[in-house]
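Notes for the one structure printed next.
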Amino acid sequence: MLAIIDYGAGNTYNVEKAFAYLGVQATLTADPAKILASDGLILPGVGAFNAAMTNLKQRGLVEPIKEAVKKGTPFLGICLGMQMLFDYSTEYGQTAGLGFIPGQVVELPKQPGLLVPEVGWNQNRLVNPASAYRQVDGEFTYFVHSYYAQTPVQNVVSVVDYGVLVPAIVQKDNVVGMQFHPEKSGTVGLGLLEQFLKGVEK
C-alpha cells in the first residue's frame with residue numbers, strides 16, 4: 001500500500017491523481033496503523049512550516065512517521081513536505097522538523113528581478129550523478145515556495161538557480177524530498193514519481 005499522509009496540508013488531490021495516472025492507488029490516511037503498514041509514504045504540503053508540524057503532532061502522526069522511516073519504508077516529501085524532512089525551519093520563528101536530513105530551511109533572499117515566492121518553472125542541474133533520480137538533469141520542474149533548504153552537498157541530488165542554489169531534490173537513505181511539485185511538472189514529474197515507485201516495489 002502506498003499512503004499519502006493526511007494532515008490538512010493541501011495538494012493531496014493532485015498527488016493522488018498523479019499516482020492514479022501511473023496505475024497506482026494511493027490511500028489518503030491519517031491512521032497511524034496504516035502509515036506503519038504502508039510500503040511507501042508520501043508527505044505532501046503547502047502552507048506554513050510551523051502550522052504543518054503542529055497538525056502532524058495534533059494528529060499523533062510524528063512518531064508513526066519516524067518509526068516507518070526507521071524501519072526503511074521509502075518516504076517522499078513534496079514541497080513543504082520536503083522542507084519538513086530537515087532539522088528546523090526559520091519560518092515565523094524556529095520550528096523543529098522531522099530531522100531525517102540534516103539542515104535547516106530559510107527564506108529565499110530578496111534580490112533584484114527575483115520575486116519571492118518563486119512561482120514557475122526552473123531548470124534542474126544534477127549534483128549527484130549516481131542518484132536514481134539523475135533523469136532530472138537539465139529538466140524543468142514547477143516550483144511554488146518562499147523558503148529553501150540548506151544542507152550538506154552529499155544530501156543533494158539536484159539544484160536550481162534562483163539567485164541562490166536551491167536544492168530541488170534531496171535524498172538520504174530511504175528518504176527523498178522534492179522542493180518542486182512533481183504532480184504539476186508534466187511528464188518529467190511523473191517520471192520522477194515513477195522512479196520513487198520503483199524503490200517502493202523492491
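Every chain in the C-alpha cells takes a letter, A first, then B, and so on in the order presented; its residues are numbered from 1, and the ligands are numbered from 1 following the presented order.
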
All alpha helix (DSSP H) residues (DSSP, backbone) inside stretch 23-155 of chain A, as a CSV table (one decimal) with C-alpha atoms, in the first residue's frame:
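The new file selection.csv reads:
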chain,number,residue,atom,x,y,z
A,32,PRO,CA,-1.0,5.6,12.3
A,33,ALA,CA,-1.5,1.8,11.8
A,34,LYS,CA,-1.9,2.3,8.0
A,35,ILE,CA,1.2,4.6,8.0
A,36,LEU,CA,3.2,1.9,9.7
A,37,ALA,CA,1.9,-0.8,7.4
A,49,PHE,CA,6.0,25.0,8.3
A,50,ASN,CA,5.0,25.6,11.9
A,51,ALA,CA,1.3,25.1,11.2
A,52,ALA,CA,2.1,21.9,9.3
A,53,MET,CA,4.3,20.4,12.1
A,54,THR,CA,1.6,21.4,14.6
A,55,ASN,CA,-1.0,19.5,12.6
A,56,LEU,CA,1.2,16.4,12.4
A,57,LYS,CA,1.7,16.4,16.1
A,58,GLN,CA,-2.0,17.0,16.9
A,62,VAL,CA,5.1,12.2,14.1
A,63,GLU,CA,6.1,9.1,15.9
A,64,PRO,CA,4.5,6.6,13.4
A,65,ILE,CA,6.2,8.5,10.6
A,66,LYS,CA,9.6,8.3,12.3
A,67,GLU,CA,9.1,4.6,13.1
A,68,ALA,CA,8.2,3.9,9.5
A,69,VAL,CA,11.3,5.7,8.2
A,70,LYS,CA,13.5,4.0,10.8
A,80,LEU,CA,6.5,21.9,2.2
A,81,GLY,CA,6.7,18.1,2.9
A,82,MET,CA,10.3,18.2,1.7
A,83,GLN,CA,11.1,21.1,4.0

>> Give me, as a list in words, all polymer residues having an atom no more than 10 Å from stretch 121-131 of chain A, counting only C-alpha atoms and skipping those fewer than 5 positions away in the same chain.
In response: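 Contacts, with the query itself left out: Val136, Asp137, Gly138, Glu139, Phe140, Thr141, Tyr142, Phe143, Val144, Val153, Gln154, Asn155, Val156, Val157, Ser158, Val159, Val160, Asp161, Tyr162, Leu165, Val166, Pro167, Ala168, Ile169, Val170, Gln171, Phe180 and Ser185 of chain A.
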
> DSSP on the backbone: what in stretch 4-113 of chain A comes out strand (DSSP E), as JSON, numbers by chain?
Replying inline: {"A": [4, 5, 26, 27, 28, 29, 40, 41, 42, 43, 75, 76, 77, 78, 88, 89, 95, 96, 104, 105, 106, 107]}

Taking N, CA, C and O atoms for each residue, export the selection above as a PDB file, in the first residue's frame.
ATOM      1  N   ILE A   4      -0.595   8.331   1.341  1.00  0.00           N
ATOM      2  CA  ILE A   4      -0.394   9.779   1.373  1.00  0.00           C
ATOM      3  C   ILE A   4      -0.846  10.250   2.752  1.00  0.00           C
ATOM      4  O   ILE A   4      -1.985  10.011   3.150  1.00  0.00           O
ATOM      5  N   ILE A   5       0.053  10.887   3.476  1.00  0.00           N
ATOM      6  CA  ILE A   5      -0.244  11.277   4.851  1.00  0.00           C
ATOM      7  C   ILE A   5      -1.190  12.478   4.851  1.00  0.00           C
ATOM      8  O   ILE A   5      -0.908  13.516   4.250  1.00  0.00           O
ATOM      9  N   ALA A  26      -3.120   5.325  -4.403  1.00  0.00           N
ATOM     10  CA  ALA A  26      -2.513   5.832  -3.172  1.00  0.00           C
ATOM     11  C   ALA A  26      -3.632   6.138  -2.180  1.00  0.00           C
ATOM     12  O   ALA A  26      -4.617   6.791  -2.527  1.00  0.00           O
ATOM     13  N   THR A  27      -3.485   5.661  -0.961  1.00  0.00           N
ATOM     14  CA  THR A  27      -4.507   5.830   0.070  1.00  0.00           C
ATOM     15  C   THR A  27      -4.208   7.062   0.911  1.00  0.00           C
ATOM     16  O   THR A  27      -3.125   7.173   1.498  1.00  0.00           O
ATOM     17  N   LEU A  28      -5.156   7.979   0.965  1.00  0.00           N
ATOM     18  CA  LEU A  28      -5.024   9.167   1.822  1.00  0.00           C
ATOM     19  C   LEU A  28      -5.420   8.773   3.240  1.00  0.00           C
ATOM     20  O   LEU A  28      -6.543   8.316   3.471  1.00  0.00           O
ATOM     21  N   THR A  29      -4.510   8.906   4.190  1.00  0.00           N
ATOM     22  CA  THR A  29      -4.798   8.400   5.530  1.00  0.00           C
ATOM     23  C   THR A  29      -4.130   9.226   6.625  1.00  0.00           C
ATOM     24  O   THR A  29      -3.044   9.773   6.435  1.00  0.00           O
ATOM     25  N   GLY A  40       5.126   2.433   1.075  1.00  0.00           N
ATOM     26  CA  GLY A  40       5.735   3.708   0.714  1.00  0.00           C
ATOM     27  C   GLY A  40       4.883   4.833   1.263  1.00  0.00           C
ATOM     28  O   GLY A  40       3.659   4.691   1.370  1.00  0.00           O
ATOM     29  N   LEU A  41       5.531   5.941   1.626  1.00  0.00           N
ATOM     30  CA  LEU A  41       4.822   7.070   2.240  1.00  0.00           C
ATOM     31  C   LEU A  41       5.097   8.355   1.480  1.00  0.00           C
ATOM     32  O   LEU A  41       6.236   8.619   1.082  1.00  0.00           O
ATOM     33  N   ILE A  42       4.048   9.159   1.319  1.00  0.00           N
ATOM     34  CA  ILE A  42       4.157  10.471   0.679  1.00  0.00           C
ATOM     35  C   ILE A  42       3.720  11.529   1.692  1.00  0.00           C
ATOM     36  O   ILE A  42       2.643  11.425   2.276  1.00  0.00           O
ATOM     37  N   LEU A  43       4.568  12.545   1.883  1.00  0.00           N
ATOM     38  CA  LEU A  43       4.206  13.688   2.728  1.00  0.00           C
ATOM     39  C   LEU A  43       4.114  14.914   1.834  1.00  0.00           C
ATOM     40  O   LEU A  43       5.118  15.530   1.497  1.00  0.00           O
ATOM     41  N   PHE A  75      10.171   6.982   1.617  1.00  0.00           N
ATOM     42  CA  PHE A  75       9.436   8.162   2.074  1.00  0.00           C
ATOM     43  C   PHE A  75       9.739   9.321   1.139  1.00  0.00           C
ATOM     44  O   PHE A  75      10.902   9.619   0.868  1.00  0.00           O
ATOM     45  N   LEU A  76       8.694   9.975   0.638  1.00  0.00           N
ATOM     46  CA  LEU A  76       8.840  11.110  -0.274  1.00  0.00           C
ATOM     47  C   LEU A  76       8.140  12.331   0.294  1.00  0.00           C
ATOM     48  O   LEU A  76       6.931  12.310   0.531  1.00  0.00           O
ATOM     49  N   GLY A  77       8.896  13.414   0.500  1.00  0.00           N
ATOM     50  CA  GLY A  77       8.327  14.689   0.902  1.00  0.00           C
ATOM     51  C   GLY A  77       8.257  15.632  -0.291  1.00  0.00           C
ATOM     52  O   GLY A  77       9.218  15.752  -1.047  1.00  0.00           O
ATOM     53  N   ILE A  78       7.112  16.285  -0.486  1.00  0.00           N
ATOM     54  CA  ILE A  78       6.885  17.159  -1.628  1.00  0.00           C
ATOM     55  C   ILE A  78       6.651  18.589  -1.159  1.00  0.00           C
ATOM     56  O   ILE A  78       5.797  18.838  -0.293  1.00  0.00           O
ATOM     57  N   TYR A  88      15.094  21.931  11.152  1.00  0.00           N
ATOM     58  CA  TYR A  88      14.216  23.019  11.579  1.00  0.00           C
ATOM     59  C   TYR A  88      14.022  24.020  10.449  1.00  0.00           C
ATOM     60  O   TYR A  88      14.751  24.031   9.463  1.00  0.00           O
ATOM     61  N   SER A  89      13.013  24.866  10.620  1.00  0.00           N
ATOM     62  CA  SER A  89      12.746  25.980   9.706  1.00  0.00           C
ATOM     63  C   SER A  89      12.725  27.273  10.499  1.00  0.00           C
ATOM     64  O   SER A  89      12.345  27.294  11.679  1.00  0.00           O
ATOM     65  N   THR A  95      11.169  26.445  14.146  1.00  0.00           N
ATOM     66  CA  THR A  95      10.308  25.296  14.426  1.00  0.00           C
ATOM     67  C   THR A  95      11.036  24.028  14.045  1.00  0.00           C
ATOM     68  O   THR A  95      11.571  23.926  12.935  1.00  0.00           O
ATOM     69  N   ALA A  96      11.048  23.056  14.934  1.00  0.00           N
ATOM     70  CA  ALA A  96      11.717  21.784  14.654  1.00  0.00           C
ATOM     71  C   ALA A  96      10.958  20.993  13.592  1.00  0.00           C
ATOM     72  O   ALA A  96       9.720  20.970  13.571  1.00  0.00           O
ATOM     73  N   GLN A 104      18.723  23.064   7.579  1.00  0.00           N
ATOM     74  CA  GLN A 104      17.697  23.999   8.002  1.00  0.00           C
ATOM     75  C   GLN A 104      17.025  24.603   6.775  1.00  0.00           C
ATOM     76  O   GLN A 104      17.540  24.549   5.674  1.00  0.00           O
ATOM     77  N   VAL A 105      15.855  25.177   7.020  1.00  0.00           N
ATOM     78  CA  VAL A 105      15.050  25.785   5.960  1.00  0.00           C
ATOM     79  C   VAL A 105      14.970  27.277   6.245  1.00  0.00           C
ATOM     80  O   VAL A 105      14.551  27.685   7.336  1.00  0.00           O
ATOM     81  N   VAL A 106      15.398  28.082   5.265  1.00  0.00           N
ATOM     82  CA  VAL A 106      15.472  29.538   5.456  1.00  0.00           C
ATOM     83  C   VAL A 106      14.777  30.246   4.285  1.00  0.00           C
ATOM     84  O   VAL A 106      14.540  29.651   3.233  1.00  0.00           O
ATOM     85  N   GLU A 107      14.498  31.531   4.482  1.00  0.00           N
ATOM     86  CA  GLU A 107      13.773  32.298   3.465  1.00  0.00           C
ATOM     87  C   GLU A 107      14.659  32.583   2.261  1.00  0.00           C
ATOM     88  O   GLU A 107      15.858  32.847   2.386  1.00  0.00           O
TER      89      GLU A 107
END

>> So that I can check the surroundings of A:Ala30, please list as a count of residues only every protein, DNA and RNA residue that reaches within 9 Å of it, counting only C-alpha atoms and ignoring chain neighbours fewer than 6 positions away.
In response: 7

>> Just to confirm, what's the straight-line distance from atom CA of A:Glu118 to atom CA of A:Lys172 in Å (one decimal)?
In response: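 These atoms are spaced 25.1 Å apart.
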
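The smallest atom-to-atom distance between A:Gly189 and any of A:Gly45, A:Asn174, A:Val15, A:Lys71, using only C-alpha atoms, is found for A:Val15.
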
> Could you work out how far atom CA of A:Leu192 lies from atom CA of A:Leu22, giving the answer in Å with one decimal?
Replying inline: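 One can read the atom CA of A:Leu22 to atom CA of A:Leu192 distance as 11.1 Å.
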
>> Measuring between only C-alpha atoms, which one of A:Leu98, A:Met84, A:Ala48, A:Val175 shows the shortest distance to A:Ala149?
In response: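 So, comparing all the options, the nearest one is A:Met84.
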
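Distances from A:Met1, A:Val119, A:Ala9, A:Val24 to A:Ser38 were compared using only C-alpha atoms, and the smallest one belongs to A:Met1.
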
> Using only C-alpha atoms, which of the listed residues (A:Gln111, A:Thr73, A:Gln94, A:Gln25) sits closest to A:Val200?
Replying inline: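 Smallest separation from A:Val200 among the options: A:Thr73.
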
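Using only C-alpha atoms, the shortest contact distance between A:Gly99 and any of A:Thr151, A:Ala3, A:Tyr133, A:Pro112 is found at A:Thr151.
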
> atom CA of A:Glu183 to atom CA of A:Ala18: how many Å, to one decimal?
Replying inline: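 Separating atom CA of A:Glu183 from atom CA of A:Ala18 is a distance of 5.6 Å.
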